[in-house]
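So the structure is just underneath, and the comments pick up after that.
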Amino acid sequence: MLFKAEGKELRAYAMAAGLALGAMLGLVPATPVQAQTASRTLPDFTDLVDQVGPSVVNIRTIERVSQRGGNPEMDEEMQEFFRRFFGQPMPGAPRSGPRPNRPSPQEEERPRGVGSGFILTPDGYVMTNAHVVEDASEVLVTLPDKREFKARIVGSDKRTDVAVVKIDATGLPAVKVGDVSKLRVGEWVMAIGSPFGLENTVTAGIVSAKQRDTGDYLPFIQTDVAINPGNSGGPLINMRGEVVGINSQIYSRSGGFMGISFSIPIDEAWRVAEQLRTSGRVSRGRIGVQIDQVTKDVAESIGLGKPAGALVRSVETGSPGEKAGIEAGDIITKFDGKAIDRPSDLPRLVGNTKPGTKSVVTVFRRGASRDLNVTIAEIEPDKAPKIAAEREEPAPKASASVAARSLGLAVSELTDAQKRELKLKGGVKVESANEAAARAGLREGDVILAVGNTEIASVKEFDNALGKADKSKPISMLFRRGDWAQYALVRPAR
């Protein structure tokens, strides 16, 4: 009887599930209970569209290009081609008389692109993406009520892809700004924009991830909201009708939406927009170091524990970092007391610090942490890191102890000239790297600075450090290659 009762219960559950599914698909009428359950679980975006829709604008850009006189379809080189090979001028060119002087350039207006934006303030400030208005000769903003305005570009910031434009209008419906820290993965969100030029298009989805690293200065919000060309610059909206991000990028192999979209967190964008409105540019801090990721193996081998922080690959000459005593091979674990979990955390924290501020950088060096005081400088726009080229040196006499040979290494002393050139106090130069050393990435010309957490200044100290190393575990070696420092994990043969 128990088995039969369970069977009846299973059939009853299956019938109820079938009726519920049929009601959702519209195949059978929904009961009041089913309708109430559906209304609780499925979001309704209609009120949000009514609330935020009037604040979302369409942005068109126009580019003026120079065009020479004559046939607009052909340039001067094509005209010369007609004259030389056909013995006559091309259609539209003068047929007789002396060859005219080259005509003066004429400007032609061409549509450049379509994007989206949203109203920040009632007096006409509009936020969008920097790439939407980049290189535009004219920006046209169309409101949902079909009014169109010529906009002035207040400022744009390529590093964060944020721009602010201004239209001459008042009494506009400004958006409400939400708290990104309260945004949760799995939460419903909505986007309004102009995909493919289709104005006031609404799409929805959920937050797929937060703090997604795709850039130096921005921890993006990842969603599965349908975003396509033309959506750029539009708002990402939570279920309270607040803007939590700017739709900026998609991951795509086809150029169209594939289920992964990225939005700039509104708190980051707002800080940039405030500076753009105030001064027309963004001022960021810098300390002049090039950084990399700390791997799990490196963290364990040097006693750091978990793989966190930012590995300093090089320190710029004369930079605040060099003046503060930061060295290549240091691992920056904190900035002004804030933990650096990933390398991308450091440029964000430093970049958001006002130039001239005195800050504290915590570094992990040779098995111990130390605090260094650094004065933040201002970053130069789009300055490429200066990397010194490696220089060939005459090969000095190589030394290979038993321990070094077991790793496939032969090393030599650094000359005083080499130390001055590389700005090093010590270290040994790799003359040859084979077997385990080569597999770890070491090569001829590298300069080994430390073995494990032991700093070395000579071949003798290098041999002593190798002799004390635990051969049953990978041996970490901090080395320089040109201006770059990194770790190699050499695994002795067993």
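So you can find residues: chains in the structure tokens are A, B, ... in the order shown, residues in each start at 1, and ligands are numbered from 1 in order.
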Among the residues of region 268-420 of chain A, find those DSSP assigns to strand (DSSP E or B) from the backbone and print them as an MDAnalysis selection string. chainID A and resid 285:286 289:292 310:315 331:335 338:339 358:365 368:375 377:378 399 409:413
Pick out the residues sitting within 12 Å of Gly467 (chain A), and hand them over as a list in words; count only C-alpha atoms, and ignore anything fewer than 3 positions along from it in its own chain.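 Counting only C-alpha atoms, the residues come to Ser401, Val402, Ala403, Ala404, Arg405, Ser406, Leu407, Val451, Gly452, Thr454, Lys460, Glu461, Phe462, Asp463, Asn464, Asp470, Lys471 and Ile475 of chain A.
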Keeping only C-alpha atoms, write those residues as a CSV table (one decimal), in the first residue's frame.
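Listing of result30.csv after writing:
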```csv
chain,number,residue,atom,x,y,z
A,401,SER,CA,79.3,24.0,-9.1
A,402,VAL,CA,77.9,20.5,-8.6
A,403,ALA,CA,74.6,22.0,-7.4
A,404,ALA,CA,74.4,24.3,-10.4
A,405,ARG,CA,75.3,21.6,-12.9
A,406,SER,CA,72.5,19.4,-11.5
A,407,LEU,CA,70.1,22.1,-12.6
A,451,VAL,CA,67.5,31.8,-4.7
A,452,GLY,CA,64.4,31.2,-2.6
A,454,THR,CA,68.2,34.5,-0.1
A,460,LYS,CA,79.9,31.8,-4.1
A,461,GLU,CA,76.7,33.0,-2.4
A,462,PHE,CA,74.8,31.5,-5.3
A,463,ASP,CA,76.4,28.1,-4.7
A,464,ASN,CA,75.8,28.3,-1.0
A,470,ASP,CA,65.5,21.5,-0.5
A,471,LYS,CA,66.1,19.5,-3.7
A,475,ILE,CA,63.7,26.0,-6.3
```
Residue contacts of region 52-66 of chain A (9 Å, only C-alpha atoms) excluding same-chain residues fewer than 3 positions away, as a ChimeraX atom specification: /A:47-49,105-120,126,128,132-145,172-176,192-194,197,199-200,202,230,233-235,237,241-243
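Each of A:Trp188, A:Val164, A:Leu466, A:Leu424 was checked against Arg240 (chain A) using only C-alpha atoms; the smallest atom-to-atom distance is that of A:Trp188.
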Restricting to only C-alpha atoms, whichever of A:Arg348, A:Arg271, A:Arg480, A:Arg370 is closest to Arg286 (chain A) is A:Arg348
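Across the structure, CA of Pro355 (chain A) and CA of Asp157 (chain A) are spaced 17.5 Å apart.
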Do you have the CA of Pro347 (chain A)-CA of Asp297 (chain A) distance handy?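 CA of Asp297 (chain A) lies at a distance of 23.9 Å from CA of Pro347 (chain A).
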